[in-house]
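Asker: This is final-v7.cif (mmCIF, C-alpha atoms and all ligand atoms).
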```cif
data_model
loop_
_atom_site.group_PDB
_atom_site.id
_atom_site.type_symbol
_atom_site.label_atom_id
_atom_site.label_comp_id
_atom_site.auth_asym_id
_atom_site.auth_seq_id
_atom_site.Cartn_x
_atom_site.Cartn_y
_atom_site.Cartn_z
ATOM 1 C CA MET B 1 5.014 -0.293 21.408
ATOM 2 C CA THR B 2 8.418 1.237 21.036
ATOM 3 C CA GLY B 3 9.657 3.882 18.680
ATOM 4 C CA GLY B 4 12.097 6.660 18.006
ATOM 5 C CA THR B 5 11.924 10.028 19.644
ATOM 6 C CA ASN B 6 10.975 11.843 16.510
ATOM 7 C CA GLY B 7 7.873 9.667 16.051
ATOM 8 C CA SER B 8 6.794 8.686 12.593
ATOM 9 C CA THR B 9 4.855 11.421 10.914
ATOM 10 C CA ALA B 10 5.188 14.919 12.153
ATOM 11 C CA GLY B 11 2.934 17.486 10.535
ATOM 12 C CA ASP B 12 -0.193 17.061 8.499
ATOM 13 C CA VAL B 13 -1.758 13.606 8.918
ATOM 14 C CA ILE B 14 -3.857 12.558 5.909
ATOM 15 C CA LEU B 15 -4.769 9.031 6.999
ATOM 16 C CA LYS B 16 -5.196 7.862 10.553
ATOM 17 C CA VAL B 17 -5.939 4.333 11.709
ATOM 18 C CA GLU B 18 -6.880 4.072 15.370
ATOM 19 C CA GLY B 19 -7.363 0.950 17.423
ATOM 20 C CA ILE B 20 -8.711 -1.353 14.732
ATOM 21 C CA ASP B 21 -9.530 -4.959 15.489
ATOM 22 C CA VAL B 22 -10.135 -7.327 12.584
ATOM 23 C CA PHE B 23 -11.364 -10.914 12.774
ATOM 24 C CA TYR B 24 -11.493 -13.658 10.165
ATOM 25 C CA GLY B 25 -14.370 -15.736 11.476
ATOM 26 C CA ALA B 26 -13.564 -16.408 15.110
ATOM 27 C CA SER B 27 -9.826 -15.667 14.727
ATOM 28 C CA LYS B 28 -8.684 -12.276 15.835
ATOM 29 C CA ILE B 29 -6.036 -11.057 13.391
ATOM 30 C CA LEU B 30 -5.518 -7.364 14.218
ATOM 31 C CA PHE B 31 -5.335 -6.092 17.781
ATOM 32 C CA GLY B 32 -5.892 -2.355 18.106
ATOM 33 C CA VAL B 33 -3.746 -1.361 15.132
ATOM 34 C CA ASP B 34 -2.793 2.342 15.008
ATOM 35 C CA LEU B 35 -1.102 4.095 12.086
ATOM 36 C CA GLU B 36 -0.592 7.713 11.130
ATOM 37 C CA VAL B 37 0.353 8.617 7.604
ATOM 38 C CA GLY B 38 1.656 12.100 6.864
ATOM 39 C CA ARG B 39 0.508 13.865 3.718
ATOM 40 C CA GLY B 40 2.899 13.304 0.845
ATOM 41 C CA ARG B 41 4.969 10.846 2.840
ATOM 42 C CA THR B 42 5.629 7.156 2.343
ATOM 43 C CA LEU B 43 5.090 4.809 5.252
ATOM 44 C CA ALA B 44 6.515 1.294 5.111
ATOM 45 C CA LEU B 45 4.407 -1.236 6.998
ATOM 46 C CA LEU B 46 6.866 -3.991 7.728
ATOM 47 C CA GLY B 47 6.496 -7.419 9.270
ATOM 48 C CA ARG B 48 7.091 -11.084 8.701
ATOM 49 C CA ASN B 49 4.895 -13.431 6.751
ATOM 50 C CA GLY B 50 1.467 -13.606 8.359
ATOM 51 C CA ALA B 51 2.100 -10.630 10.675
ATOM 52 C CA GLY B 52 -1.042 -8.810 9.509
ATOM 53 C CA LYS B 53 0.220 -6.407 6.827
ATOM 54 C CA SER B 54 -2.283 -7.434 4.156
ATOM 55 C CA THR B 55 -5.135 -7.504 6.649
ATOM 56 C CA THR B 56 -4.306 -3.937 7.688
ATOM 57 C CA MET B 57 -4.257 -2.837 4.041
ATOM 58 C CA LYS B 58 -7.540 -4.655 3.399
ATOM 59 C CA ALA B 59 -9.114 -2.978 6.407
ATOM 60 C CA ILE B 60 -8.109 0.454 5.111
ATOM 61 C CA ALA B 61 -9.404 -0.429 1.629
ATOM 62 C CA GLY B 62 -12.716 -1.709 3.015
ATOM 63 C CA ILE B 63 -12.194 -5.342 2.085
ATOM 64 C CA ALA B 64 -11.823 -6.551 5.673
ATOM 65 C CA ARG B 65 -14.271 -4.961 8.094
ATOM 66 C CA PRO B 66 -12.852 -3.742 11.390
ATOM 67 C CA ARG B 67 -14.970 -4.738 14.371
ATOM 68 C CA LYS B 68 -13.565 -1.873 16.418
ATOM 69 C CA GLY B 69 -11.638 1.333 15.845
ATOM 70 C CA SER B 70 -11.642 4.101 13.282
ATOM 71 C CA ILE B 71 -9.988 4.854 9.976
ATOM 72 C CA THR B 72 -10.090 8.510 9.036
ATOM 73 C CA MET B 73 -9.024 10.159 5.838
ATOM 74 C CA GLU B 74 -8.998 13.938 6.021
ATOM 75 C CA GLY B 75 -11.248 13.619 9.077
ATOM 76 C CA GLN B 76 -13.876 11.428 7.329
ATOM 77 C CA ASN B 77 -14.436 8.099 9.116
ATOM 78 C CA LEU B 78 -14.161 5.275 6.599
ATOM 79 C CA ALA B 79 -14.042 2.216 8.867
ATOM 80 C CA GLY B 80 -16.629 -0.315 7.724
ATOM 81 C CA GLU B 81 -17.452 1.547 4.494
ATOM 82 C CA ARG B 82 -17.669 -0.314 1.190
ATOM 83 C CA PRO B 83 -14.520 -0.501 -0.967
ATOM 84 C CA ASP B 84 -16.054 1.702 -3.672
ATOM 85 C CA ILE B 85 -16.870 4.430 -1.152
ATOM 86 C CA ILE B 86 -13.326 4.232 0.207
ATOM 87 C CA ALA B 87 -11.896 4.442 -3.307
ATOM 88 C CA ARG B 88 -14.078 7.475 -3.953
ATOM 89 C CA ALA B 89 -12.753 9.078 -0.764
ATOM 90 C CA GLY B 90 -9.308 9.068 -2.414
ATOM 91 C CA ILE B 91 -7.715 5.789 -1.376
ATOM 92 C CA GLY B 92 -6.273 3.671 -4.193
ATOM 93 C CA TYR B 93 -5.544 0.059 -3.325
ATOM 94 C CA VAL B 94 -3.132 -2.227 -5.176
ATOM 95 C CA PRO B 95 -3.668 -5.719 -3.776
ATOM 96 C CA GLU B 96 -1.002 -8.350 -3.388
ATOM 97 C CA ASP B 97 -2.505 -10.526 -6.090
ATOM 98 C CA ARG B 98 -2.386 -7.975 -8.932
ATOM 99 C CA GLN B 99 -5.873 -7.866 -10.278
ATOM 100 C CA VAL B 100 -5.671 -7.118 -13.974
ATOM 101 C CA PHE B 101 -8.497 -7.782 -16.413
ATOM 102 C CA THR B 102 -6.690 -10.536 -18.254
ATOM 103 C CA MET B 103 -8.893 -10.593 -21.357
ATOM 104 C CA HIS B 104 -8.641 -6.831 -21.855
ATOM 105 C CA SER B 105 -5.820 -4.851 -23.420
ATOM 106 C CA VAL B 106 -3.404 -2.834 -21.321
ATOM 107 C CA GLU B 107 -5.056 0.367 -22.505
ATOM 108 C CA ASP B 108 -8.544 -0.885 -21.669
ATOM 109 C CA ASN B 109 -7.323 -1.817 -18.180
ATOM 110 C CA LEU B 110 -6.109 1.757 -17.749
ATOM 111 C CA LEU B 111 -9.350 3.243 -19.052
ATOM 112 C CA ILE B 112 -11.345 1.046 -16.645
ATOM 113 C CA GLY B 113 -9.432 2.665 -13.754
ATOM 114 C CA MET B 114 -9.973 6.222 -14.961
ATOM 115 C CA LYS B 115 -11.844 8.597 -12.687
ATOM 116 C CA LYS B 116 -11.458 12.058 -11.274
ATOM 117 C CA GLY B 117 -9.856 12.437 -7.880
ATOM 118 C CA ILE B 118 -11.870 13.537 -4.885
ATOM 119 C CA ARG B 119 -10.852 17.162 -5.445
ATOM 120 C CA GLY B 120 -11.819 16.880 -9.085
ATOM 121 C CA GLN B 121 -8.174 16.501 -10.080
ATOM 122 C CA GLU B 122 -7.329 14.595 -13.229
ATOM 123 C CA ASP B 123 -3.588 14.565 -12.762
ATOM 124 C CA TRP B 124 -3.205 11.098 -14.207
ATOM 125 C CA THR B 125 -4.116 10.735 -17.841
ATOM 126 C CA LEU B 126 -3.269 7.972 -20.301
ATOM 127 C CA GLU B 127 -0.533 10.192 -21.676
ATOM 128 C CA ARG B 128 1.067 10.772 -18.310
ATOM 129 C CA VAL B 129 0.850 7.090 -17.419
ATOM 130 C CA TYR B 130 2.583 6.156 -20.695
ATOM 131 C CA ASP B 131 5.251 8.747 -19.950
ATOM 132 C CA THR B 132 5.835 7.384 -16.460
ATOM 133 C CA PHE B 133 5.512 3.716 -17.477
ATOM 134 C CA PRO B 134 7.082 3.498 -20.960
ATOM 135 C CA ILE B 135 6.779 -0.267 -20.809
ATOM 136 C CA LEU B 136 2.984 0.061 -20.744
ATOM 137 C CA ALA B 137 3.072 2.416 -23.729
ATOM 138 C CA ARG B 138 4.932 -0.237 -25.687
ATOM 139 C CA MET B 139 2.393 -2.874 -24.673
ATOM 140 C CA LYS B 140 -0.784 -0.841 -24.838
ATOM 141 C CA ASP B 141 -2.540 -3.226 -27.252
ATOM 142 C CA ARG B 142 -1.382 -6.408 -25.551
ATOM 143 C CA ARG B 143 -3.841 -8.542 -23.606
ATOM 144 C CA ALA B 144 -3.057 -8.050 -19.913
ATOM 145 C CA GLY B 145 -3.211 -11.806 -19.292
ATOM 146 C CA LEU B 146 -0.186 -12.253 -21.554
ATOM 147 C CA MET B 147 2.056 -9.957 -19.498
ATOM 148 C CA SER B 148 4.694 -11.086 -17.004
ATOM 149 C CA GLY B 149 4.127 -10.738 -13.257
ATOM 150 C CA GLY B 150 6.220 -7.560 -13.084
ATOM 151 C CA GLU B 151 4.401 -5.996 -16.020
ATOM 152 C CA GLN B 152 1.059 -6.861 -14.460
ATOM 153 C CA GLN B 153 2.219 -5.258 -11.215
ATOM 154 C CA MET B 154 3.085 -2.058 -13.098
ATOM 155 C CA LEU B 155 -0.278 -2.151 -14.858
ATOM 156 C CA THR B 156 -2.153 -2.580 -11.575
ATOM 157 C CA ILE B 157 -0.308 0.392 -10.072
ATOM 158 C CA ALA B 158 -0.913 2.477 -13.190
ATOM 159 C CA ARG B 159 -4.591 1.564 -13.305
ATOM 160 C CA THR B 160 -4.976 2.602 -9.676
ATOM 161 C CA LEU B 161 -3.259 5.922 -10.405
ATOM 162 C CA MET B 162 -5.796 6.558 -13.179
ATOM 163 C CA GLY B 163 -8.311 6.955 -10.336
ATOM 164 C CA ASN B 164 -6.260 9.950 -9.099
ATOM 165 C CA PRO B 165 -5.942 8.764 -5.493
ATOM 166 C CA ASP B 166 -4.594 10.939 -2.702
ATOM 167 C CA VAL B 167 -3.325 7.866 -0.862
ATOM 168 C CA LEU B 168 -1.931 4.807 -2.601
ATOM 169 C CA LEU B 169 -1.865 1.479 -0.732
ATOM 170 C CA LEU B 170 0.702 -0.918 -2.198
ATOM 171 C CA ASP B 171 0.592 -4.434 -0.787
ATOM 172 C CA GLU B 172 3.960 -6.159 -1.285
ATOM 173 C CA PRO B 173 4.533 -4.871 -4.804
ATOM 174 C CA SER B 174 7.884 -6.658 -5.033
ATOM 175 C CA GLU B 175 6.635 -10.072 -3.985
ATOM 176 C CA GLY B 176 7.613 -12.952 -6.240
ATOM 177 C CA LEU B 177 9.359 -10.748 -8.802
ATOM 178 C CA ALA B 178 12.879 -11.126 -10.179
ATOM 179 C CA PRO B 179 15.496 -8.775 -8.641
ATOM 180 C CA ILE B 180 15.749 -6.611 -11.742
ATOM 181 C CA ILE B 181 11.979 -6.096 -11.782
ATOM 182 C CA VAL B 182 11.976 -5.387 -8.047
ATOM 183 C CA GLN B 183 14.489 -2.639 -8.754
ATOM 184 C CA ALA B 184 12.259 -1.222 -11.493
ATOM 185 C CA ILE B 185 9.271 -1.209 -9.133
ATOM 186 C CA GLY B 186 11.408 0.549 -6.510
ATOM 187 C CA ASP B 187 12.419 3.217 -9.043
ATOM 188 C CA LEU B 188 8.805 3.641 -10.024
ATOM 189 C CA ILE B 189 7.686 4.164 -6.417
ATOM 190 C CA ARG B 190 10.412 6.774 -6.004
ATOM 191 C CA THR B 191 9.085 8.562 -9.087
ATOM 192 C CA LEU B 192 5.528 8.403 -7.765
ATOM 193 C CA ARG B 193 6.542 9.925 -4.436
ATOM 194 C CA GLU B 194 7.823 12.945 -6.275
ATOM 195 C CA THR B 195 4.285 13.542 -7.563
ATOM 196 C CA GLY B 196 3.194 14.205 -3.971
ATOM 197 C CA VAL B 197 0.959 11.137 -3.594
ATOM 198 C CA THR B 198 0.922 9.632 -0.095
ATOM 199 C CA ILE B 199 1.939 5.971 -0.063
ATOM 200 C CA VAL B 200 1.495 3.110 2.389
ATOM 201 C CA LEU B 201 3.786 0.289 1.360
ATOM 202 C CA ALA B 202 3.352 -3.139 2.989
ATOM 203 C CA GLU B 203 6.596 -5.068 2.717
ATOM 204 C CA GLN B 204 8.516 -7.920 4.273
ATOM 205 C CA ASN B 205 11.789 -6.582 2.996
ATOM 206 C CA MET B 206 13.092 -3.550 4.869
ATOM 207 C CA HIS B 207 15.949 -3.125 2.389
ATOM 208 C CA PHE B 208 13.484 -2.611 -0.432
ATOM 209 C CA CYS B 209 11.956 0.266 1.566
ATOM 210 C CA LEU B 210 15.214 2.090 2.269
ATOM 211 C CA GLY B 211 15.418 5.096 0.013
ATOM 212 C CA ILE B 212 11.715 4.702 -0.790
ATOM 213 C CA SER B 213 9.949 5.463 2.487
ATOM 214 C CA GLU B 214 10.561 8.032 5.215
ATOM 215 C CA ASP B 215 8.476 6.395 7.906
ATOM 216 C CA ALA B 216 8.147 2.858 9.179
ATOM 217 C CA ALA B 217 5.758 0.856 11.306
ATOM 218 C CA VAL B 218 6.409 -2.733 12.295
ATOM 219 C CA ILE B 219 3.567 -5.185 12.801
ATOM 220 C CA ASP B 220 3.896 -8.510 14.578
ATOM 221 C CA LYS B 221 1.099 -10.978 15.292
ATOM 222 C CA GLY B 222 -1.471 -8.283 14.597
ATOM 223 C CA HIS B 223 0.067 -5.681 16.924
ATOM 224 C CA ILE B 224 1.978 -2.571 15.890
ATOM 225 C CA VAL B 225 5.189 -3.022 17.844
ATOM 226 C CA TYR B 226 7.311 -0.138 16.586
ATOM 227 C CA ARG B 227 6.921 3.205 14.854
ATOM 228 C CA ASP B 228 9.698 5.487 13.728
ATOM 229 C CA THR B 229 11.438 6.822 10.686
ATOM 230 C CA ILE B 230 12.859 4.122 8.412
ATOM 231 C CA ALA B 231 16.359 5.369 9.308
ATOM 232 C CA GLY B 232 15.554 4.915 12.997
ATOM 233 C CA LEU B 233 14.282 1.416 12.340
ATOM 234 C CA ARG B 234 17.312 0.472 10.307
ATOM 235 C CA ALA B 235 19.603 1.554 13.126
ATOM 236 C CA ASN B 236 17.631 -0.473 15.660
ATOM 237 C CA GLU B 237 19.124 -3.920 15.418
ATOM 238 C CA GLU B 238 17.113 -5.273 18.300
ATOM 239 C CA VAL B 239 13.814 -4.513 16.572
ATOM 240 C CA THR B 240 14.893 -5.570 13.089
ATOM 241 C CA LYS B 241 16.266 -8.873 14.394
ATOM 242 C CA ARG B 242 13.285 -9.577 16.551
ATOM 243 C CA TYR B 243 10.475 -8.697 14.171
ATOM 244 C CA LEU B 244 11.800 -8.720 10.617
ATOM 245 C CA ALA B 245 13.171 -11.539 8.524
ATOM 246 C CA ILE B 246 16.621 -10.029 7.986
HETATM 247 N N1 LIG N 301 -9.115 -15.214 4.773
HETATM 248 C C1 LIG N 301 -8.499 -15.574 5.893
HETATM 249 N N2 LIG N 301 -9.095 -16.394 6.800
HETATM 250 C C2 LIG N 301 -8.476 -16.756 7.937
HETATM 251 N N3 LIG N 301 -7.247 -16.342 8.286
HETATM 252 C C3 LIG N 301 -6.592 -15.537 7.443
HETATM 253 C C4 LIG N 301 -7.177 -15.113 6.200
HETATM 254 N N4 LIG N 301 -6.290 -14.315 5.574
HETATM 255 C C5 LIG N 301 -5.207 -14.239 6.373
HETATM 256 N N5 LIG N 301 -5.389 -14.964 7.493
HETATM 257 C C6 LIG N 301 -4.458 -15.082 8.613
HETATM 258 O O1 LIG N 301 -4.287 -13.793 9.156
HETATM 259 C C7 LIG N 301 -2.950 -13.601 9.583
HETATM 260 C C8 LIG N 301 -2.420 -12.330 8.962
HETATM 261 O O2 LIG N 301 -2.340 -12.494 7.549
HETATM 262 P P1 LIG N 301 -1.905 -11.330 6.559
HETATM 263 O O3 LIG N 301 -2.122 -11.829 5.176
HETATM 264 O O4 LIG N 301 -2.565 -10.086 6.975
HETATM 265 O O5 LIG N 301 -0.375 -11.239 6.867
HETATM 266 P P2 LIG N 301 0.785 -10.550 6.047
HETATM 267 O O6 LIG N 301 1.617 -9.862 7.062
HETATM 268 O O7 LIG N 301 0.251 -9.742 4.948
HETATM 269 O O8 LIG N 301 1.587 -11.753 5.493
HETATM 270 P P3 LIG N 301 1.913 -12.197 3.991
HETATM 271 O O9 LIG N 301 3.247 -11.635 3.743
HETATM 272 O O10 LIG N 301 1.902 -13.673 4.092
HETATM 273 O O11 LIG N 301 0.828 -11.648 3.109
HETATM 274 C C9 LIG N 301 -2.193 -14.859 9.197
HETATM 275 O O12 LIG N 301 -2.106 -15.664 10.329
HETATM 276 C C10 LIG N 301 -3.067 -15.508 8.160
HETATM 277 O O13 LIG N 301 -2.946 -16.894 8.194
#
```
Since I need it in another form, could you write the structure as structure tokens?
Answerer:
Amino acid sequence: MTGGTNGSTAGDVILKVEGIDVFYGASKILFGVDLEVGRGRTLALLGRNGAGKSTTMKAIAGIARPRKGSITMEGQNLAGERPDIIARAGIGYVPEDRQVFTMHSVEDNLLIGMKKGIRGQEDWTLERVYDTFPILARMKDRRAGLMSGGEQQMLTIARTLMGNPDVLLLDEPSEGLAPIIVQAIGDLIRTLRETGVTIVLAEQNMHFCLGISEDAAVIDKGHIVYRDTIAGLRANEEVTKRYLAI
């Protein structure tokens, strides 16, 4: 593993992944993955198609079970716990495949996601979500299944926020969306960062992460191969050429 001298996340670490191995059947997919996410920071987990980004996110969210290693949030070990326990510990997960309740209205989708945060905080209310996502306010009575991909992505993020997470996992939120929508999602993530939520953003596209994340980790064939600030990564042509599709 290589990385910049200033490391990735100085200071207070809220989420720590140490040495996790994940298998799908007999195939080993993650090999001792380590990540450190600083409180209130945004970490971009970058890598090519099939590198292991989604599997890492699923392991943190409790959907893929690590066979080895630990995942700690505020010192509590969550590796191998059920997804609902992990969500209750303050981790909000937005999967790649945007899971909205298609037969329900936008507002019902948001209400389904509503719960207090682990510290009892109720920072995200319907009102605040509609303020932050005006597009959802305009569509609140629409059936979620009738929304575009970008709108569904926004709704999935908003629904996850209604659970008042301390850490938000976003798995390729820009995937398959038109450039103008990708830009809107980028703006939204920038707005969310200002609220102090910690974000882990899995992405193939480093350029999307510039100006959104401070920290970067690169995964390749299930190994973390580089950790640094995103600025350090951007300046490292050898690493970006070798491991990222740029
Ligand atoms: N359910 C599964 N069963 C078996 N192998 C899987 C499964 N899901 C993913 N894989 C394999 O695990 C590896 C890592 O996949 P993963 O989805 O984590 O990569 P990724 O970096 O998120 O890529 P993508 O951008 O395609 O989502 C790939 O080789 C993939 O084929």
Asker: What gap, in Å, lies between atom P3 of ligand LIG 301 (chain N) and CA of Asp220 in chain B?
Answerer: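 It comes out at 11.4 Å.
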Asker: Quick one: which residues end up in the PyMOL selection byres (((not hetatm)) within 6 of (chain N and resi 301)) for this structure, as a list in words?
Answerer: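 In the shown coordinates, the PyMOL selection byres (((not hetatm)) within 6 of (chain N and resi 301)) covers Tyr24, Ile29, Gly47, Arg48, Asn49, Gly50, Ala51, Gly52, Lys53, Ser54 and Thr55 of chain B.
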Asker: For Arg67 in chain B, work out the shell of residues within 8 Å, counting all atoms listed in the file and skipping chain neighbours fewer than 6 positions away, then give it as a PyMOL selection string.
Answerer: chain B and resi 20-23
Asker: Could you name the residues that touch range 191-202 of chain B at 9 Å or less, counting all atoms listed in the file, but leaving out those on the same chain fewer than 5 positions away, as a list in words?
Answerer: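 So, after excluding close chain neighbours, the residues are Ile14, Val37, Gly38, Arg39, Gly40, Arg41, Thr42, Leu43, Ala44, Leu45, Leu46, Gly47, Lys53, Ser54, Met57, Thr132, Pro165, Asp166, Val167, Leu168, Leu169, Leu170, Asp171, Glu172, Pro173, Gly186, Cys209, Ile212 and Ser213 of chain B.
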Asker: Save out the residues we just selected, C-alpha atoms, as a PDB file, in the coordinates of the input.
Answerer:
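Contents of out_32.pdb, as written:
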```
ATOM      1  CA  ILE B  14      -3.857  12.558   5.909  1.00  0.00           C
ATOM      2  CA  VAL B  37       0.353   8.617   7.604  1.00  0.00           C
ATOM      3  CA  GLY B  38       1.656  12.100   6.864  1.00  0.00           C
ATOM      4  CA  ARG B  39       0.508  13.865   3.718  1.00  0.00           C
ATOM      5  CA  GLY B  40       2.899  13.304   0.845  1.00  0.00           C
ATOM      6  CA  ARG B  41       4.969  10.846   2.840  1.00  0.00           C
ATOM      7  CA  THR B  42       5.629   7.156   2.343  1.00  0.00           C
ATOM      8  CA  LEU B  43       5.090   4.809   5.252  1.00  0.00           C
ATOM      9  CA  ALA B  44       6.515   1.294   5.111  1.00  0.00           C
ATOM     10  CA  LEU B  45       4.407  -1.236   6.998  1.00  0.00           C
ATOM     11  CA  LEU B  46       6.866  -3.991   7.728  1.00  0.00           C
ATOM     12  CA  GLY B  47       6.496  -7.419   9.270  1.00  0.00           C
ATOM     13  CA  LYS B  53       0.220  -6.407   6.827  1.00  0.00           C
ATOM     14  CA  SER B  54      -2.283  -7.434   4.156  1.00  0.00           C
ATOM     15  CA  MET B  57      -4.257  -2.837   4.041  1.00  0.00           C
ATOM     16  CA  THR B 132       5.835   7.384 -16.460  1.00  0.00           C
ATOM     17  CA  PRO B 165      -5.942   8.764  -5.493  1.00  0.00           C
ATOM     18  CA  ASP B 166      -4.594  10.939  -2.702  1.00  0.00           C
ATOM     19  CA  VAL B 167      -3.325   7.866  -0.862  1.00  0.00           C
ATOM     20  CA  LEU B 168      -1.931   4.807  -2.601  1.00  0.00           C
ATOM     21  CA  LEU B 169      -1.865   1.479  -0.732  1.00  0.00           C
ATOM     22  CA  LEU B 170       0.702  -0.918  -2.198  1.00  0.00           C
ATOM     23  CA  ASP B 171       0.592  -4.434  -0.787  1.00  0.00           C
ATOM     24  CA  GLU B 172       3.960  -6.159  -1.285  1.00  0.00           C
ATOM     25  CA  PRO B 173       4.533  -4.871  -4.804  1.00  0.00           C
ATOM     26  CA  GLY B 186      11.408   0.549  -6.510  1.00  0.00           C
ATOM     27  CA  CYS B 209      11.956   0.266   1.566  1.00  0.00           C
ATOM     28  CA  ILE B 212      11.715   4.702  -0.790  1.00  0.00           C
ATOM     29  CA  SER B 213       9.949   5.463   2.487  1.00  0.00           C
TER      30      SER B 213
END
```
Asker: Tell me, in Å to one decimal, how far CA of Asp123 in chain B is from CA of Ala89 in chain B.
Answerer: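 CA of Ala89 in chain B lies at a distance of 16.1 Å from CA of Asp123 in chain B.
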Asker: For CA of Arg65 in chain B and CA of Gln99 in chain B, determine how far apart the two atoms are, in Å to one decimal place.
Answerer: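 Computing the Euclidean distance for CA of Arg65 in chain B and CA of Gln99 in chain B yields 20.4 Å.
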Asker: Which residues fall under the PyMOL selection byres (((chain B and resi 32) around 8) and not hetatm) in this file, as a PyMOL selection string?
Answerer: chain B and resi 18-21+30-31+33-34+68-69+223
Asker: When you count all atoms listed in the file, which of these residues is closest to Ala87 in chain B: B:Asn205, B:Gln183, B:Ser174, B:Asn164?
Answerer: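 For Ala87 in chain B, the nearest of the candidates is B:Asn164.
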Asker: Selection in question (the file shown): the PyMOL selection byres (((chain B and resi 142-157) around 7) and not hetatm). Which residues does it include, as a list of chain:residue names?
Answerer: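 For this structure, the PyMOL selection byres (((chain B and resi 142-157) around 7) and not hetatm) resolves to B:Val94, B:Arg98, B:Gln99, B:Val100, B:Phe101, B:Thr102, B:Met103, B:His104, B:Ser105, B:Val106, B:Met139, B:Lys140, B:Asp141, B:Ala158, B:Arg159, B:Thr160, B:Leu161, B:Pro173, B:Leu177, B:Ile181.
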Asker: Once 3 Å is added on each side, what centre and edge lengths in Å to one decimal does the axis-aligned box around all listed atoms of range 178-192 of chain B have, as JSON?
Answerer:
```
{"center_x": 10.6, "center_y": -1.3, "center_z": -8.9, "size_x": 16.2, "size_y": 25.7, "size_z": 11.8}
```
Asker: Can you tell me which residues surround Arg88 in chain B at a distance of at most 12 Å, considering all atoms listed in the file, apart from same-chain residues fewer than 5 positions away, and format the answer as an NGL selection string?
Answerer: :B and (61-62 or 73 or 76 or 78 or 81-83 or 93 or 113-120 or 160 or 163-167)
Asker: Check the smallest atom-to-atom distance from each of B:Leu126, B:Ile135, B:Ala178, B:Ile63 to Met162 in chain B using only C-alpha atoms, then report the winner.
Answerer: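 Looking at the shortest contact to Met162 in chain B, the residue is B:Leu126.
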Asker: Only C-alpha atoms, as a short mmCIF file (atom, residue, chain, number, x, y, z; two decimals), in the first residue's frame: that is what I want for range 8-56 of chain B.
Answerer:
```cif
data_model
loop_
_atom_site.label_atom_id
_atom_site.label_comp_id
_atom_site.auth_asym_id
_atom_site.auth_seq_id
_atom_site.Cartn_x
_atom_site.Cartn_y
_atom_site.Cartn_z
CA SER B 8 -5.86 10.11 5.00
CA THR B 9 -7.72 11.04 8.12
CA ALA B 10 -5.92 12.82 10.85
CA GLY B 11 -7.88 13.40 14.03
CA ASP B 12 -11.03 11.80 15.30
CA VAL B 13 -11.81 8.51 13.53
CA ILE B 14 -15.53 7.66 13.57
CA LEU B 15 -15.46 4.51 11.45
CA LYS B 16 -12.60 2.07 11.21
CA VAL B 17 -12.40 -0.99 8.98
CA GLU B 18 -9.50 -3.30 9.79
CA GLY B 19 -8.33 -6.30 7.84
CA ILE B 20 -11.66 -7.49 6.48
CA ASP B 21 -11.86 -10.49 4.19
CA VAL B 22 -15.10 -11.11 2.31
CA PHE B 23 -15.98 -14.15 0.21
CA TYR B 24 -18.82 -14.78 -2.22
CA GLY B 25 -19.10 -18.55 -2.00
CA ALA B 26 -15.60 -19.86 -2.56
CA SER B 27 -14.35 -16.66 -4.24
CA LYS B 28 -12.36 -14.33 -2.09
CA ILE B 29 -13.32 -10.76 -2.99
CA LEU B 30 -11.79 -8.57 -0.26
CA PHE B 31 -8.30 -9.16 1.08
CA GLY B 32 -7.64 -7.49 4.43
CA VAL B 33 -9.32 -4.19 3.58
CA ASP B 34 -8.48 -1.30 5.94
CA LEU B 35 -10.17 2.10 5.97
CA GLU B 36 -10.27 4.97 8.43
CA VAL B 37 -12.94 7.60 8.15
CA GLY B 38 -12.55 10.86 10.06
CA ARG B 39 -15.57 12.37 11.75
CA GLY B 40 -17.30 14.89 9.53
CA ARG B 41 -15.06 14.09 6.60
CA THR B 42 -15.83 12.59 3.21
CA LEU B 43 -13.78 9.65 2.02
CA ALA B 44 -13.89 8.64 -1.64
CA LEU B 45 -13.42 4.92 -2.17
CA LEU B 46 -12.21 4.72 -5.73
CA GLY B 47 -11.50 1.83 -8.04
CA ARG B 48 -12.35 0.33 -11.38
CA ASN B 49 -15.36 -1.79 -12.19
CA GLY B 50 -15.29 -4.94 -10.09
CA ALA B 51 -12.48 -3.70 -7.81
CA GLY B 52 -14.50 -4.36 -4.65
CA LYS B 53 -16.05 -0.97 -3.81
CA SER B 54 -19.62 -2.23 -3.48
CA THR B 55 -18.51 -5.29 -1.53
CA THR B 56 -16.68 -3.05 0.94
#
```
